[in-house]
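A.B. asks: So that we are looking at the same thing, I have put the structure below in structure tokens.
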Amino acid sequence: MTDLKSGYVAIVGRPNVGKSTLLNRLVGEKISIVSRKAQTTRHRVAGILTEADAQYVFVDTPGFQTKHASALNRAMNRGVTQALADVDVVVFVVEAKAFSAQDRAVIRLLPEGKPVILAVNKTDMLKEKNSLLPLLAGFSKEYPFAAIVPVCATRGNQLQDLLAEVRKYLPHDELLFAEDDITDKSERFLAAEYIREKVFRLIGDELPYATTVEIEKFEIDGALRRISAAIVVDRAAHKGIVIGKGGEMLKRIASEARQDMERLFDGKVFLEVFVKVKSGWSDDERLLKSLGYE
């Protein structure tokens with residue numbers, strides 16, 4: 001029997017608890033996009049961490065949607081339930097405050113017979129540090145968790161403790177991916193996500209939820225990548241907002257996304273970004289599939 005352990009670990013929780021930040025910190029690269037807006041993540045994204053004695057395949061999932069019933073949100077919820085069905089361990093992320101109704105809705109989805117480790121995130125936000133232990137004691141009554149680990153994903157605090165708890169429940173197995181792999185997603189997918197992240201970060205509160213990104217061309221020429229991408233909006237009125245006065249907003253989105261791509265891809269990127277309208281895209285099952293939503 002080999003001492004090596006390898007397995008899939010779902011990272012789940014309600015929207016905006018820091019799941020993507022946690023995955024990126026664990027892997028050491030920005031695999032899953034992040035913003036301060038809830039529901040930024042729309043796809044299952046695997047981040048791979050390989051150590052001397054274990055390979056962790058962390059699957060970041062969208063926050064479970066309970067308020068809206070669009071085809072996009074149904075697809076996102078399917079991503080959560082499918083991820084839970086296919087993993088060896090579940091890391092359930094909550095904030096360091098009282099359990100909410102949304103947290104309990106996620107508990108109802110947790111698969112029977114699989115270890116669930118509770119990661120209590122954002123512990124740096126606690127005003128009274130001595131309130132942590134009573135908080136954790138209360139959490140332990142919500143579900144028979146295999147372990148409860150307080151963490152701070154933004155600062156990287158106690159992530160080694162979290163990994164140690166996860167490793168206990170990984171199966172003995174050979175590597176599932178090559179040692180230098182950091183994700184199961186293609187560069188094409190990551191390029192689209194980096195652009196979408198900038199839309200979420202740079203444009204007002206509601207419009208980003210009505211946008212997606214479609215890569216129309218992705219060519220590799222040595223160390224150079226030539227990428228053409230469309231930011232898809234739901235209404236014609238949204239197009240001008242994304243472009244901005246004199247095209248300044250679109251230029252900023254493209255520039256910041258290109259810089260992220262060049263860091264991750266370790267090479268020059270020629271990026272062309274434009275905007276097009278596809279009315280009702282987020283509630284059209286066929287169109288969603290063509291845009292890469294499961």
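Letters A, B, ... mark the chains of the structure tokens in the order given; residue numbers begin at 1 per chain; ligand numbers begin at 1, in order shown.
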Using only C-alpha atoms, which protein or nucleic acid residues come within 12 Å of Gln259 in chain A? Drop anything in the same chain fewer than 4 positions from it, and give the result as a VMD selection string.

C.D. replies: chain A and resid 191 194 to 195 198 252 to 255 263 to 271

A.B. asks: Export C-alpha atoms of the chosen residues as an mmCIF file, in the first residue's frame?

C.D. replies:
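Generated output (again38.cif):
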```cif
data_model
loop_
_atom_site.group_PDB
_atom_site.id
_atom_site.type_symbol
_atom_site.label_atom_id
_atom_site.label_comp_id
_atom_site.auth_asym_id
_atom_site.auth_seq_id
_atom_site.Cartn_x
_atom_site.Cartn_y
_atom_site.Cartn_z
ATOM 1 C CA ALA A 191 -8.802 33.802 -20.212
ATOM 2 C CA TYR A 194 -10.091 36.744 -16.064
ATOM 3 C CA ILE A 195 -12.050 39.085 -18.328
ATOM 4 C CA LYS A 198 -12.643 42.565 -14.362
ATOM 5 C CA ARG A 252 -9.252 49.075 -18.693
ATOM 6 C CA ILE A 253 -11.018 45.701 -18.551
ATOM 7 C CA ALA A 254 -8.846 44.384 -21.389
ATOM 8 C CA SER A 255 -5.606 45.821 -19.972
ATOM 9 C CA ARG A 263 1.443 36.366 -15.359
ATOM 10 C CA LEU A 264 -0.304 32.990 -15.392
ATOM 11 C CA PHE A 265 0.604 31.972 -18.959
ATOM 12 C CA ASP A 266 4.183 33.254 -18.586
ATOM 13 C CA GLY A 267 4.191 34.893 -22.004
ATOM 14 C CA LYS A 268 2.952 37.848 -24.033
ATOM 15 C CA VAL A 269 -0.758 38.155 -24.788
ATOM 16 C CA PHE A 270 -2.362 40.151 -27.593
ATOM 17 C CA LEU A 271 -5.923 40.609 -26.386
#
```

A.B. asks: Name the closest residue to Asp184 in chain A among the candidates A:Val166, A:Arg258, A:Tyr8, A:Gln160; distances are taken between atoms, counting only C-alpha atoms.

C.D. replies: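 Checking each of A:Val166, A:Arg258, A:Tyr8, A:Gln160 against Asp184 in chain A, counting only C-alpha atoms, the winner is A:Tyr8.
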
A.B. asks: Would you pick out the contacts of Val27 in chain A at 9 Å or less, using only C-alpha atoms, so that residues sharing its chain but fewer than 6 positions from it are not included, and give the list as a list in words?

C.D. replies: Gly47, Ile48, Leu49, Thr50, Phe58, Ile182 and Thr183 of chain A

A.B. asks: Given the selection you just returned, output its residues as a file containing all heavy atoms, formatted as a PDB file, in the first residue's frame.

C.D. replies:
```pdb
ATOM      1  N   GLY A  47      -8.609  23.332  -8.550  1.00  0.00           N
ATOM      2  CA  GLY A  47      -7.250  23.780  -8.299  1.00  0.00           C
ATOM      3  C   GLY A  47      -6.471  22.628  -7.687  1.00  0.00           C
ATOM      4  O   GLY A  47      -6.956  21.968  -6.767  1.00  0.00           O
ATOM      5  N   ILE A  48      -5.282  22.363  -8.189  1.00  0.00           N
ATOM      6  CA  ILE A  48      -4.533  21.160  -7.812  1.00  0.00           C
ATOM      7  C   ILE A  48      -3.299  21.543  -7.012  1.00  0.00           C
ATOM      8  O   ILE A  48      -2.477  22.352  -7.448  1.00  0.00           O
ATOM      9  CB  ILE A  48      -4.131  20.369  -9.076  1.00  0.00           C
ATOM     10  CG1 ILE A  48      -5.376  20.026  -9.900  1.00  0.00           C
ATOM     11  CG2 ILE A  48      -3.352  19.110  -8.708  1.00  0.00           C
ATOM     12  CD1 ILE A  48      -5.074  19.649 -11.336  1.00  0.00           C
ATOM     13  N   LEU A  49      -3.183  20.960  -5.831  1.00  0.00           N
ATOM     14  CA  LEU A  49      -2.014  21.145  -4.977  1.00  0.00           C
ATOM     15  C   LEU A  49      -1.344  19.791  -4.797  1.00  0.00           C
ATOM     16  O   LEU A  49      -1.954  18.852  -4.266  1.00  0.00           O
ATOM     17  CB  LEU A  49      -2.429  21.700  -3.611  1.00  0.00           C
ATOM     18  CG  LEU A  49      -1.326  21.765  -2.546  1.00  0.00           C
ATOM     19  CD1 LEU A  49      -0.223  22.737  -2.956  1.00  0.00           C
ATOM     20  CD2 LEU A  49      -1.904  22.138  -1.184  1.00  0.00           C
ATOM     21  N   THR A  50      -0.082  19.691  -5.224  1.00  0.00           N
ATOM     22  CA  THR A  50       0.664  18.437  -5.093  1.00  0.00           C
ATOM     23  C   THR A  50       1.809  18.628  -4.111  1.00  0.00           C
ATOM     24  O   THR A  50       2.656  19.510  -4.293  1.00  0.00           O
ATOM     25  CB  THR A  50       1.222  17.976  -6.457  1.00  0.00           C
ATOM     26  OG1 THR A  50       0.140  17.851  -7.386  1.00  0.00           O
ATOM     27  CG2 THR A  50       1.929  16.639  -6.325  1.00  0.00           C
ATOM     28  N   PHE A  58      -8.821  20.372  -5.349  1.00  0.00           N
ATOM     29  CA  PHE A  58      -9.886  21.178  -4.761  1.00  0.00           C
ATOM     30  C   PHE A  58     -10.851  21.642  -5.849  1.00  0.00           C
ATOM     31  O   PHE A  58     -10.421  22.195  -6.865  1.00  0.00           O
ATOM     32  CB  PHE A  58      -9.304  22.392  -4.047  1.00  0.00           C
ATOM     33  CG  PHE A  58      -8.501  22.056  -2.826  1.00  0.00           C
ATOM     34  CD1 PHE A  58      -7.115  22.057  -2.873  1.00  0.00           C
ATOM     35  CD2 PHE A  58      -9.132  21.720  -1.638  1.00  0.00           C
ATOM     36  CE1 PHE A  58      -6.371  21.743  -1.748  1.00  0.00           C
ATOM     37  CE2 PHE A  58      -8.398  21.398  -0.506  1.00  0.00           C
ATOM     38  CZ  PHE A  58      -7.016  21.409  -0.561  1.00  0.00           C
ATOM     39  N   ILE A 182      -1.821  22.700 -12.165  1.00  0.00           N
ATOM     40  CA  ILE A 182      -2.433  23.491 -11.100  1.00  0.00           C
ATOM     41  C   ILE A 182      -3.950  23.620 -11.278  1.00  0.00           C
ATOM     42  O   ILE A 182      -4.641  24.084 -10.375  1.00  0.00           O
ATOM     43  CB  ILE A 182      -1.802  24.889 -10.988  1.00  0.00           C
ATOM     44  CG1 ILE A 182      -1.921  25.660 -12.309  1.00  0.00           C
ATOM     45  CG2 ILE A 182      -0.363  24.790 -10.519  1.00  0.00           C
ATOM     46  CD1 ILE A 182      -1.494  27.114 -12.206  1.00  0.00           C
ATOM     47  N   THR A 183      -4.476  23.191 -12.427  1.00  0.00           N
ATOM     48  CA  THR A 183      -5.922  23.226 -12.641  1.00  0.00           C
ATOM     49  C   THR A 183      -6.290  22.248 -13.748  1.00  0.00           C
ATOM     50  O   THR A 183      -5.438  21.833 -14.542  1.00  0.00           O
ATOM     51  CB  THR A 183      -6.409  24.641 -13.016  1.00  0.00           C
ATOM     52  OG1 THR A 183      -7.841  24.651 -13.147  1.00  0.00           O
ATOM     53  CG2 THR A 183      -5.794  25.126 -14.319  1.00  0.00           C
TER      54      THR A 183
END
```

A.B. asks: Which residue out of A:Glu95, A:Ala147, A:Ala105, A:Thr154 has the minimum interatomic distance to Leu118 in chain A when only C-alpha atoms are used?

C.D. replies: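 When distances to Leu118 in chain A are compared using only C-alpha atoms, the smallest one comes from A:Ala147.
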
A.B. asks: Of the residues A:Ile215, A:Val12, A:Leu202, A:Met249, which is the one nearest to Arg188 in chain A, using only C-alpha atoms?

C.D. replies: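 With only C-alpha atoms as the atom set, the closest residue is A:Ile215.
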
A.B. asks: Hey, can you check how far CA of Ile203 in chain A sits from CA of Gly280 in chain A?

C.D. replies: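 Computed distance, CA of Ile203 in chain A to CA of Gly280 in chain A, equals 19.9 Å.
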
A.B. asks: Which distance in Å separates CA of Asp283 in chain A and CA of Ser32 in chain A, to one decimal?

C.D. replies: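 Rounded to one decimal, the two atoms are 23.7 Å apart.
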